[in-house]
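Participant: Provided herewith is a single structure, encoded as structure tokens, for subsequent inquiry.
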Amino acid sequence: MKLAEALAQRSDASRRVEQLRSRVVSSARYQEGETPAEDAGLLLAEAGEVLDSLESLIRRINRTNAAVVMGDDGTVTDALARRDVLRLRHAVITAAAEAASGRDQRAVRQLRSELTMLSALPVVELRAQADVLAREIRELDMRIQRTNWEADLLD
């Protein structure tokens with residue numbers, strides 16, 4: 001199995017657990033004299049089985065991510081950490097540019113007697129930085145996705 005397939009299975013299993021959790025919660029109590037829509041005990045047992053297989057799958061994915069090398073990006077784990085930080089950096093730079101440009105403030109008519117607001121940051125440079133970061137994120141994400149489809153899942 002390829003790493004990408006395992007990631008899809010992990011996503012499906014997580015969704016399944018959430019569905020089962022919701023069904024258990026809605027069936028956990030019922031009115032006297034009524035029959036519950038579903039057997040909460042069976043649903044809970046099923047959720048336990050799905051969670052056990054999910055844990056095994058996550059362990060295998062993590063082992064694979066730590067072992068598979070993506071060239072200059074290091075391991076998949078290294079690349080994922082880099083991508084996460086690039087996304088955070090992009091969010092900070094974008095927020096700074098928006099704040100400095102005054103976009104996050106309500107449009108208020110300014111009278112001649114009011115003080116003029118000035119930008120403390122170079123908005124154009126920040127937006128250019130944000131564009132570069134967005135490109136880096138896209139390129140790294142493509143390399144990660146390519147590796148996910150090329151790498152075999154480890155046991």
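Residues in the structure tokens are named by chain (A, B, ... in the order shown) and by number from 1 within that chain; ligands are numbered from 1 in the order shown.
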Neighbours of segment 13-30 of chain A within 7 Å (only C-alpha atoms; same-chain residues fewer than 6 positions away dropped), as a list of chain:residue names?
Facilitator: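 Counting only C-alpha atoms, the residues come to A:Pro36, A:Ala37, A:Glu38, A:Asp39, A:Ala40, A:Leu43, A:Leu44, A:Ala47, A:Val50, A:Leu51, A:Leu54.
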Participant: Could you write out that same residue set with C-alpha atoms as a PDB file, in the first residue's frame?
Facilitator:
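Written out: selection_28.pdb:
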ATOM      1  CA  PRO A  36     -33.526   2.778  21.364  1.00  0.00           C
ATOM      2  CA  ALA A  37     -32.936   3.337  17.663  1.00  0.00           C
ATOM      3  CA  GLU A  38     -29.596   1.524  17.869  1.00  0.00           C
ATOM      4  CA  ASP A  39     -27.712  -0.634  20.352  1.00  0.00           C
ATOM      5  CA  ALA A  40     -25.258   1.811  21.945  1.00  0.00           C
ATOM      6  CA  LEU A  43     -21.852   0.881  18.383  1.00  0.00           C
ATOM      7  CA  LEU A  44     -19.327   1.501  21.158  1.00  0.00           C
ATOM      8  CA  ALA A  47     -15.954   2.327  17.527  1.00  0.00           C
ATOM      9  CA  VAL A  50     -12.163   1.175  14.289  1.00  0.00           C
ATOM     10  CA  LEU A  51     -10.004   3.090  16.803  1.00  0.00           C
ATOM     11  CA  LEU A  54      -6.761   3.633  13.259  1.00  0.00           C
TER      12      LEU A  54
END
Participant: Quick one: residues within 7 Å of segment 59-71 of chain A, only C-alpha atoms counted, chain neighbours fewer than 5 positions away excluded, as a ChimeraX atom specification?
Facilitator: /A:3,76-77,153-155
Participant: So which one's closest to Met142 of chain A, A:Ala79, A:Leu42, A:Ala8, A:Met117? Using only C-alpha atoms, please.
Facilitator: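 The answer is A:Ala79, which sits nearest to Met142 of chain A.
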Participant: For Glu150 of chain A, work out the shell of residues within 9 Å, counting only C-alpha atoms and skipping chain neighbours fewer than 3 positions away, then give it as a list in words.
Facilitator: Lys2, Leu3, Ala4, Gln145, Arg146 and Thr147 of chain A
Participant: Let's see if you can do this: from backbone DSSP, list all alpha helix (DSSP H) residues in chain A, as a ChimeraX atom specification.
Facilitator: /A:3-27,40-67,76-101,123-150
Participant: By how many Å are atom CA of Arg138 of chain A and atom CA of Ala151 of chain A apart?
Facilitator: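 It comes out at 19.8 Å.
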